[in-house]
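Next up, coords_12.tsv (TSV, C-alpha atoms):
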chain	number	residue	atom	x	y	z
A	10	MET	CA	89.62	135.31	64.79
A	11	THR	CA	89.90	134.05	61.22
A	12	ARG	CA	93.31	135.73	61.05
A	13	ARG	CA	94.50	133.52	63.89
A	14	LEU	CA	93.08	130.51	62.08
A	15	ALA	CA	95.13	131.57	59.04
A	16	TYR	CA	98.26	131.94	61.19
A	17	ALA	CA	97.75	128.43	62.55
A	18	GLN	CA	97.44	127.14	58.98
A	19	LEU	CA	100.55	129.07	57.97
A	20	THR	CA	102.70	127.54	60.70
A	21	ASN	CA	101.73	123.93	60.11
A	22	SER	CA	102.01	124.46	56.34
A	23	ILE	CA	105.63	125.49	56.81
A	24	GLY	CA	106.19	122.16	58.54
A	25	ASP	CA	104.25	120.28	55.86
A	26	GLY	CA	106.31	121.90	53.09
A	27	GLY	CA	109.58	120.73	54.62
A	28	PHE	CA	108.20	117.26	55.35
A	29	LEU	CA	107.00	116.79	51.76
A	30	VAL	CA	110.40	117.68	50.32
A	31	VAL	CA	112.67	115.56	52.54
A	32	SER	CA	110.49	112.68	53.79
A	33	ALA	CA	111.03	110.32	50.84
A	34	LEU	CA	114.82	110.61	50.98
A	35	TYR	CA	114.85	110.45	54.78
A	36	PHE	CA	112.84	107.23	54.86
A	37	THR	CA	114.90	105.59	52.11
A	38	GLN	CA	118.43	106.88	52.80
A	39	VAL	CA	118.37	107.31	56.59
A	40	VAL	CA	115.77	104.83	57.81
A	41	GLY	CA	116.81	102.35	55.11
A	42	LEU	CA	113.41	101.42	53.68
A	43	SER	CA	112.99	100.59	50.02
A	44	ALA	CA	111.09	103.01	47.81
A	45	ALA	CA	108.45	100.32	47.21
A	46	ARG	CA	107.89	99.90	50.96
A	47	VAL	CA	107.64	103.64	51.50
A	48	GLY	CA	105.09	103.87	48.69
A	49	LEU	CA	103.06	101.00	50.12
A	50	ALA	CA	103.09	102.54	53.59
A	51	LEU	CA	101.94	105.92	52.27
A	52	THR	CA	99.11	104.34	50.29
A	53	LEU	CA	97.90	102.41	53.34
A	54	ALA	CA	98.32	105.43	55.58
A	55	TRP	CA	96.25	107.80	53.46
A	56	GLY	CA	93.61	105.13	52.95
A	57	VAL	CA	93.27	104.76	56.71
A	58	GLY	CA	93.44	108.53	57.11
A	59	ALA	CA	90.52	109.05	54.72
A	60	VAL	CA	88.28	106.85	56.86
A	61	ALA	CA	89.58	108.27	60.12
A	62	GLY	CA	88.94	111.82	58.92
A	63	VAL	CA	85.17	111.19	58.85
A	64	ALA	CA	85.20	109.67	62.34
A	65	LEU	CA	87.36	112.45	63.78
A	66	GLY	CA	85.18	115.03	62.06
A	67	HIS	CA	82.22	113.51	63.90
A	68	VAL	CA	84.20	113.85	67.14
A	69	ALA	CA	84.69	117.53	66.32
A	70	ASP	CA	80.93	117.92	65.92
A	71	ARG	CA	80.31	116.38	69.34
A	72	LEU	CA	83.18	117.83	71.39
A	73	GLY	CA	83.81	121.06	69.50
A	74	PRO	CA	86.10	121.66	66.51
A	75	ARG	CA	88.51	123.99	68.36
A	76	THR	CA	89.22	121.43	71.09
A	77	THR	CA	89.52	118.59	68.59
A	78	ALA	CA	91.83	120.61	66.33
A	79	VAL	CA	94.15	121.48	69.21
A	80	VAL	CA	94.39	117.84	70.33
A	81	LEU	CA	95.00	116.61	66.78
A	82	ALA	CA	97.68	119.24	66.14
A	83	PHE	CA	99.52	118.03	69.26
A	84	ALA	CA	98.99	114.41	68.16
A	85	THR	CA	100.39	115.17	64.69
A	86	ALA	CA	103.48	116.73	66.26
A	87	ALA	CA	103.93	113.65	68.45
A	88	SER	CA	103.63	111.26	65.49
A	89	ILE	CA	106.28	113.19	63.54
A	90	GLY	CA	108.57	113.08	66.55
A	91	ILE	CA	108.13	109.32	66.85
A	92	LEU	CA	109.06	108.93	63.16
A	93	LEU	CA	112.49	110.29	64.03
A	94	VAL	CA	113.24	107.19	66.12
A	95	THR	CA	111.31	104.64	64.02
A	96	ARG	CA	113.42	102.14	62.08
A	97	ASP	CA	111.18	99.05	61.87
A	98	PHE	CA	108.88	98.78	58.82
A	99	ALA	CA	105.81	97.60	60.74
A	100	ALA	CA	106.20	100.42	63.23
A	101	PHE	CA	106.71	102.84	60.34
A	102	VAL	CA	103.41	101.77	58.76
A	103	LEU	CA	101.59	102.15	62.08
A	104	ILE	CA	102.97	105.61	62.79
A	105	MET	CA	102.29	106.80	59.26
A	106	CYS	CA	98.68	105.60	59.58
A	107	LEU	CA	98.37	107.60	62.79
A	108	TYR	CA	100.01	110.62	61.17
A	109	ALA	CA	97.64	110.52	58.18
A	110	SER	CA	94.62	110.03	60.47
A	111	PHE	CA	95.56	112.98	62.66
A	112	GLN	CA	96.18	115.15	59.60
A	113	SER	CA	92.82	114.21	58.04
A	114	GLY	CA	90.98	114.80	61.30
A	115	LEU	CA	92.77	118.12	61.79
A	116	GLN	CA	91.70	119.26	58.34
A	117	ALA	CA	88.06	118.36	59.05
A	118	SER	CA	88.16	120.06	62.45
A	119	ARG	CA	89.64	123.25	61.02
A	120	GLN	CA	86.99	123.37	58.33
A	121	ALA	CA	84.25	122.91	60.92
A	122	LEU	CA	85.84	125.60	63.09
A	123	LEU	CA	85.96	127.94	60.11
A	124	ALA	CA	82.26	127.29	59.47
A	125	GLY	CA	81.46	128.14	63.08
A	126	LEU	CA	83.54	131.34	63.18
A	127	THR	CA	82.24	132.88	59.95
A	128	THR	CA	78.95	133.71	58.28
A	129	PRO	CA	77.89	131.70	55.22
A	130	GLU	CA	78.71	134.66	52.97
A	131	GLU	CA	82.26	134.86	54.31
A	132	ARG	CA	83.26	131.19	54.37
A	133	THR	CA	84.54	130.65	50.86
A	134	ARG	CA	86.44	133.96	50.78
A	135	VAL	CA	88.01	133.28	54.18
A	136	ARG	CA	88.86	129.74	53.08
A	137	ALA	CA	90.56	131.20	50.00
A	138	ARG	CA	92.65	133.56	52.15
A	139	ILE	CA	93.67	130.65	54.35
A	140	GLN	CA	94.59	128.58	51.29
A	141	SER	CA	96.67	131.44	49.95
A	142	THR	CA	98.44	131.69	53.30
A	143	ALA	CA	98.95	127.92	53.39
A	144	ASN	CA	100.62	127.91	49.98
A	145	ALA	CA	103.00	130.60	51.14
A	146	GLY	CA	103.83	128.45	54.17
A	147	ILE	CA	104.43	125.38	52.03
A	148	ALA	CA	106.81	127.40	49.86
A	149	ILE	CA	108.78	128.51	52.93
A	150	GLY	CA	108.92	124.96	54.26
A	151	ALA	CA	109.91	123.60	50.87
A	152	ALA	CA	112.79	126.08	50.73
A	153	ALA	CA	114.00	124.81	54.10
A	154	GLY	CA	113.63	121.26	52.84
A	155	GLY	CA	115.53	122.14	49.69
A	156	PHE	CA	118.43	123.46	51.77
A	157	ALA	CA	118.42	120.18	53.72
A	158	LEU	CA	118.55	118.25	50.44
A	159	HIS	CA	121.51	120.39	49.39
A	160	LEU	CA	123.36	119.47	52.61
A	161	ALA	CA	122.23	115.83	52.19
A	162	THR	CA	123.06	114.84	55.77
A	163	GLU	CA	121.06	112.92	58.36
A	164	ALA	CA	121.25	115.89	60.73
A	165	ALA	CA	119.80	118.22	58.08
A	166	TYR	CA	116.90	115.87	57.36
A	167	MET	CA	116.17	115.45	61.05
A	168	ALA	CA	116.26	119.22	61.54
A	169	VAL	CA	113.42	119.55	59.03
A	170	PHE	CA	111.39	116.96	60.96
A	171	VAL	CA	112.02	118.92	64.17
A	172	LEU	CA	110.85	122.06	62.36
A	173	ASP	CA	107.66	120.20	61.45
A	174	VAL	CA	107.10	119.18	65.09
A	175	VAL	CA	107.60	122.75	66.30
A	176	ALA	CA	105.31	124.10	63.58
A	177	PHE	CA	102.41	121.88	64.67
A	178	LEU	CA	102.99	122.74	68.33
A	179	ILE	CA	102.79	126.45	67.47
A	180	ALA	CA	99.66	125.80	65.40
A	181	ALA	CA	98.08	124.05	68.38
A	182	ALA	CA	98.92	126.99	70.63
A	183	ILE	CA	97.36	129.46	68.17
A	184	LEU	CA	94.22	127.34	67.75
A	185	SER	CA	93.80	127.17	71.52
A	186	THR	CA	93.29	130.96	71.62
A	187	LEU	CA	90.17	130.75	69.43
A	188	PRO	CA	86.66	130.43	70.90
A	189	GLU	CA	84.99	127.04	70.80
A	190	THR	CA	81.98	126.51	68.54
A	191	LEU	CA	79.54	123.90	69.80
A	192	MET	CA	76.64	122.43	67.90
A	193	THR	CA	73.19	122.54	69.44
A	194	ARG	CA	71.75	119.70	67.37
A	195	ALA	CA	74.70	117.33	66.95
A	196	LYS	CA	73.60	113.70	66.72
A	197	GLY	CA	75.39	110.44	67.37
A	198	LYS	CA	75.11	109.16	63.81
A	199	PHE	CA	77.28	109.33	60.71
A	200	ASP	CA	74.57	110.97	58.65
A	201	VAL	CA	76.98	111.84	55.87
A	202	LEU	CA	77.29	108.15	54.98
A	203	LYS	CA	73.56	108.12	54.14
A	204	ASP	CA	73.69	111.29	52.05
A	205	ARG	CA	73.95	109.96	48.50
A	206	PRO	CA	73.95	113.33	46.71
A	207	TYR	CA	76.82	114.54	48.89
A	208	ALA	CA	78.67	111.27	48.24
A	209	LEU	CA	78.30	111.85	44.48
A	210	ILE	CA	79.55	115.42	44.82
A	211	THR	CA	82.55	114.13	46.80
A	212	LEU	CA	83.29	111.56	44.07
A	213	ILE	CA	83.09	114.20	41.33
A	214	ASN	CA	85.45	116.40	43.31
A	215	ALA	CA	87.85	113.46	43.71
A	216	VAL	CA	87.98	113.07	39.92
A	217	MET	CA	88.72	116.77	39.51
A	218	LEU	CA	91.45	116.50	42.16
A	219	LEU	CA	93.44	114.22	39.88
A	220	TYR	CA	95.23	117.43	38.92
A	221	MET	CA	97.20	117.01	42.19
A	222	PRO	CA	99.26	113.95	41.15
A	223	LEU	CA	99.50	115.49	37.68
A	224	LEU	CA	101.27	118.47	39.20
A	225	SER	CA	103.45	116.70	41.74
A	226	LEU	CA	104.38	113.51	39.85
A	227	ILE	CA	103.32	113.25	36.21
A	228	ILE	CA	104.37	116.66	34.90
A	229	PRO	CA	107.97	116.42	36.24
A	230	LEU	CA	108.30	112.94	34.74
A	231	TRP	CA	106.73	114.14	31.48
A	232	ILE	CA	109.21	116.99	31.21
A	233	VAL	CA	112.16	114.63	31.70
A	234	GLN	CA	110.94	111.73	29.57
A	235	ARG	CA	108.86	113.26	26.78
A	236	THR	CA	109.99	116.86	26.14
A	237	GLU	CA	113.14	118.74	25.20
A	238	ALA	CA	112.61	121.37	27.90
A	239	PRO	CA	115.23	121.81	30.66
A	240	THR	CA	114.61	119.51	33.61
A	241	TRP	CA	114.78	122.35	36.16
A	242	LEU	CA	111.54	123.66	34.68
A	243	ALA	CA	109.66	121.08	36.81
A	244	ALA	CA	110.61	123.05	39.91
A	245	GLY	CA	109.80	126.30	38.15
A	246	LEU	CA	106.26	125.17	37.39
A	247	LEU	CA	105.72	124.32	41.06
A	248	VAL	CA	106.87	127.82	41.99
A	249	LEU	CA	104.49	129.26	39.39
A	250	ASN	CA	101.62	127.25	40.85
A	251	THR	CA	102.33	128.32	44.42
A	252	ALA	CA	102.76	131.99	43.53
A	253	ALA	CA	99.55	132.06	41.49
A	254	VAL	CA	97.50	130.64	44.35
A	255	VAL	CA	99.00	133.13	46.81
A	256	LEU	CA	98.24	136.06	44.49
A	257	PHE	CA	94.92	135.18	42.87
A	258	GLN	CA	93.00	132.57	44.90
A	259	VAL	CA	91.11	135.17	46.97
A	260	ARG	CA	90.06	137.12	43.87
A	261	ILE	CA	88.70	134.04	42.14
A	262	ALA	CA	86.88	132.93	45.29
A	263	ARG	CA	84.75	136.09	45.13
A	264	ARG	CA	83.00	134.55	42.13
A	265	ALA	CA	81.72	131.62	44.22
A	266	ASP	CA	78.60	133.45	45.34
A	267	GLY	CA	76.05	130.72	46.05
A	268	LEU	CA	75.62	127.18	44.79
A	269	ASP	CA	74.73	128.12	41.21
A	270	GLN	CA	77.86	130.21	40.71
A	271	ALA	CA	79.98	127.59	42.49
A	272	SER	CA	78.71	124.87	40.14
A	273	LYS	CA	79.54	127.06	37.13
A	274	LEU	CA	83.05	127.60	38.47
A	275	VAL	CA	83.60	123.84	38.68
A	276	LYS	CA	82.21	123.35	35.16
A	277	HIS	CA	84.46	126.05	33.75
A	278	ALA	CA	87.40	124.61	35.69
A	279	GLY	CA	86.90	121.35	33.80
A	280	LEU	CA	87.03	123.15	30.45
A	281	ILE	CA	90.17	125.07	31.39
A	282	MET	CA	91.85	121.88	32.60
A	283	LEU	CA	91.02	120.31	29.22
A	284	ALA	CA	92.75	123.24	27.52
A	285	SER	CA	95.73	122.78	29.85
A	286	CYS	CA	95.97	119.07	29.03
A	287	ALA	CA	95.76	119.84	25.30
A	288	VAL	CA	98.72	122.22	25.56
A	289	PHE	CA	100.68	119.68	27.60
A	290	ALA	CA	99.95	117.12	24.87
A	291	THR	CA	101.52	119.32	22.19
A	292	THR	CA	104.86	119.27	24.04
A	293	ALA	CA	105.24	115.61	23.09
A	294	PHE	CA	106.24	116.83	19.63
A	295	SER	CA	109.69	118.21	18.85
A	296	PHE	CA	109.78	121.99	19.18
A	297	GLY	CA	113.20	122.57	20.70
A	298	ALA	CA	113.99	123.30	24.33
A	299	TRP	CA	112.73	126.85	24.74
A	300	PRO	CA	109.53	126.61	22.65
A	301	ALA	CA	108.68	123.48	24.63
A	302	ALA	CA	109.37	125.37	27.86
A	303	ALA	CA	107.05	128.19	26.79
A	304	LEU	CA	104.27	125.71	26.03
A	305	LEU	CA	104.77	124.01	29.39
A	306	ILE	CA	104.52	127.34	31.20
A	307	ALA	CA	101.32	128.18	29.32
A	308	ALA	CA	99.85	124.77	30.15
A	309	ALA	CA	100.81	125.14	33.82
A	310	ALA	CA	99.22	128.60	33.95
A	311	LEU	CA	95.96	127.19	32.60
A	312	GLN	CA	96.18	124.30	35.06
A	313	VAL	CA	96.54	126.54	38.12
A	314	LEU	CA	93.68	128.75	36.90
A	315	GLY	CA	91.46	125.67	36.70
A	316	GLU	CA	92.74	124.54	40.10
A	317	MET	CA	91.79	127.85	41.75
A	318	MET	CA	88.35	127.87	40.15
A	319	LEU	CA	87.74	124.29	41.23
A	320	ALA	CA	88.85	125.01	44.79
A	321	SER	CA	86.59	128.06	45.12
A	322	GLY	CA	83.55	126.26	43.76
A	323	ALA	CA	84.17	123.10	45.76
A	324	TRP	CA	84.56	124.99	49.05
A	325	GLU	CA	81.27	126.81	48.54
A	326	ILE	CA	79.48	123.57	47.64
A	327	SER	CA	80.95	121.53	50.49
A	328	PHE	CA	80.07	124.15	53.12
A	329	SER	CA	76.62	125.03	51.78
A	330	LEU	CA	75.38	121.44	51.42
A	331	ALA	CA	76.58	120.33	54.87
A	332	PRO	CA	74.20	120.62	57.84
A	333	ALA	CA	75.34	123.29	60.27
A	334	ASP	CA	75.60	120.88	63.18
A	335	ARG	CA	77.58	118.25	61.23
A	336	GLN	CA	80.19	120.29	59.40
A	337	GLY	CA	82.97	118.19	60.95
A	338	GLN	CA	81.89	114.82	59.60
A	339	TYR	CA	80.77	116.30	56.28
A	340	GLN	CA	84.07	118.13	55.75
A	341	GLY	CA	85.93	115.00	56.80
A	342	PHE	CA	84.01	113.00	54.20
A	343	PHE	CA	84.50	115.61	51.49
A	344	ALA	CA	88.24	115.56	52.17
A	345	THR	CA	88.36	111.84	51.31
A	346	GLY	CA	88.37	113.01	47.71
A	347	THR	CA	91.93	114.22	48.24
A	348	ALA	CA	92.99	110.84	49.62
A	349	VAL	CA	91.33	109.00	46.73
A	350	ALA	CA	93.09	111.21	44.17
A	351	ARG	CA	96.44	110.63	45.89
A	352	MET	CA	95.91	106.87	46.06
A	353	VAL	CA	94.45	106.22	42.61
A	354	GLY	CA	96.00	109.05	40.63
A	355	PRO	CA	99.68	108.04	40.42
A	356	ALA	CA	99.08	104.55	38.98
A	357	LEU	CA	96.23	105.67	36.72
A	358	LEU	CA	97.92	108.76	35.33
A	359	THR	CA	101.30	107.10	34.92
A	360	THR	CA	99.66	104.51	32.68
A	361	VAL	CA	97.42	106.90	30.73
A	362	VAL	CA	99.66	109.96	30.34
A	363	LEU	CA	103.21	108.60	30.37
A	364	GLY	CA	102.17	105.39	28.62
A	365	TRP	CA	99.86	106.78	25.95
A	366	GLY	CA	101.43	110.21	25.43
A	367	ALA	CA	99.44	113.01	23.80
A	368	ILE	CA	96.30	110.87	23.49
A	369	GLY	CA	96.48	110.17	27.20
A	370	TRP	CA	96.58	113.89	27.97
A	371	VAL	CA	93.46	114.47	25.89
A	372	LEU	CA	91.63	111.61	27.63
A	373	VAL	CA	92.49	113.02	31.05
A	374	GLY	CA	91.30	116.44	29.92
A	375	GLY	CA	88.04	114.89	28.75
A	376	LEU	CA	87.62	113.30	32.18
A	377	PHE	CA	87.94	116.74	33.78
A	378	VAL	CA	85.25	118.12	31.47
A	379	VAL	CA	82.81	115.29	32.20
A	380	ALA	CA	83.33	115.69	35.95
A	381	GLY	CA	82.98	119.47	35.76
A	382	TYR	CA	79.69	119.27	33.87
A	383	ALA	CA	78.38	116.59	36.26
A	384	MET	CA	78.74	118.84	39.30
A	385	GLY	CA	75.75	121.03	38.43
A	386	PRO	CA	73.19	118.17	38.24
A	387	ALA	CA	74.66	116.62	41.39
A	388	VAL	CA	74.22	119.88	43.32
A	389	ARG	CA	70.64	120.21	42.04
A	390	TRP	CA	69.94	116.64	43.17
A	391	ALA	CA	71.24	117.50	46.64
A	392	ARG	CA	68.88	120.47	46.78
A	393	GLU	CA	65.87	118.57	45.48
A	394	LYS	CA	66.37	115.70	47.92
A	395	ASN	CA	66.53	118.17	50.79
A	396	SER	CA	69.55	116.23	51.98
A	397	THR	CA	70.77	119.05	54.20
A	398	SER	CA	69.35	121.35	56.80
A	399	SER	CA	71.26	124.25	55.17
A	400	GLY	CA	74.88	124.58	56.05
A	401	ALA	CA	74.33	128.31	55.88
A	402	MET	CA	72.30	128.48	59.07
A	403	THR	CA	74.37	130.16	61.74
A	404	ASP	CA	71.61	130.29	64.32
A	405	ASP	CA	72.22	126.58	64.96
A	406	LEU	CA	75.60	127.45	66.44
A	407	TYR	CA	76.76	129.15	69.56
A	408	MET	CA	80.19	130.07	70.86
A	409	CYS	CA	81.81	129.75	74.22
A	410	VAL	CA	85.29	130.80	75.27
Would you encode the structure as structure tokens?
Amino acid sequence: MTRRLAYAQLTNSIGDGGFLVVSALYFTQVVGLSAARVGLALTLAWGVGAVAGVALGHVADRLGPRTTAVVLAFATAASIGILLVTRDFAAFVLIMCLYASFQSGLQASRQALLAGLTTPEERTRVRARIQSTANAGIAIGAAAGGFALHLATEAAYMAVFVLDVVAFLIAAAILSTLPETLMTRAKGKFDVLKDRPYALITLINAVMLLYMPLLSLIIPLWIVQRTEAPTWLAAGLLVLNTAAVVLFQVRIARRADGLDQASKLVKHAGLIMLASCAVFATTAFSFGAWPAAALLIAAAALQVLGEMMLASGAWEISFSLAPADRQGQYQGFFATGTAVARMVGPALLTTVVLGWGAIGWVLVGGLFVVAGYAMGPAVRWAREKNSTSSGAMTDDLYMCV
């Protein structure tokens, strides 16, 4: 069953990979929106999506995560299809808000479904396999998007959007073959909003997730503006990141055995990310093109190692500290950390790293260390406050076809 869940993730990740590559140029060159308007719409959309993800996660707890995931996969496909005929800015903002909401809710529903289909001991390892599969899918989709960028025609861009629609429809069909998991004790309250330890853990994770805009935005700009390395290396580092996750994420996830080990993984991830930032900082100095490229590759390798350790620890913590009957809303809330990092990260990191140079890199690395060390006390607080009913309890769940 988890294999089918991975296949569903693979298919919609192929669509996501293509969408990520071509969407900015499609919206600016084909739709005719300014880059500033596209940026504003995306910020609003993911802000709305973060809130909607909690609400839709609660729906998954009440109606069943399989059913909710299938509906949201269809809804995501529909929203992408509507984007193909959207030309008005107000309509664009509205559809993007719906798209982000459906995506956030789908993520929460899939996580809740995963929790219901696996034992507590399996969850983090299965999640790692799914993440590895997802990265492979994104790489495939990105390759398709790259070919569309090479053609640089409206038809090519639209073909990638159609691919995205089809991918989500296939994902919905695969998800519909899985058994439903229903919660025997689901309540009509957003209990996660009252869980202060879990909120702190989510905030700490959001700080650690600032590596995401570093990878997608800051590092490419840093290479072009501040180093002597060849500009194509930005794409090479993304390939390195994707390949590393595909090859090693499952192995690293085996170390997340319980909350104590998961907390240590997050702490060590912070230290490794500091080391990565320190190496990135050294590339601000003149070394020549190829020595600078070697340093950038070393820094990126450290960064992806920290990323994989963080992901493994965070998955274990988020599952284990969520009540078994409220995995949907808890996973939806935990996922808001991604939205916060995407919203706050670009402006913050552009100022600190690109504006302050090597010192900025060291400060960002220090932030990762502080957040990593804070995770352990936050997890202990969650335990001491008895804020959960043990997300590891599978006897609170039952399945029906």
Just the residues within 12 Å of A:Pro129, please, counting all atoms listed in the file, with nothing from its chain fewer than 2 positions along; format it as a PyMOL selection string. chain A and resi 123-127+131-136+265-268+324-333+399-404
Could you please determine the separation between atom CA of A:Gln258 and atom CA of A:Met318 in Å, to one decimal place? 8.1 Å
Contact residues around stretch 100-109 of chain A with all atoms listed in the file at 10 Å, ignoring same-chain residues under 3 positions, as a PyMOL selection string: chain A and resi 36+40+42+46-47+49-59+61-62+81+84-89+91-92+94-97+112-115+348
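With atom CA of A:Ile232 on one side and atom CA of A:Thr251 on the other, the separation reads 18.7 Å.
What separates atom CA of A:Leu224 from atom CA of A:Gly297 is a distance of 22.4 Å.
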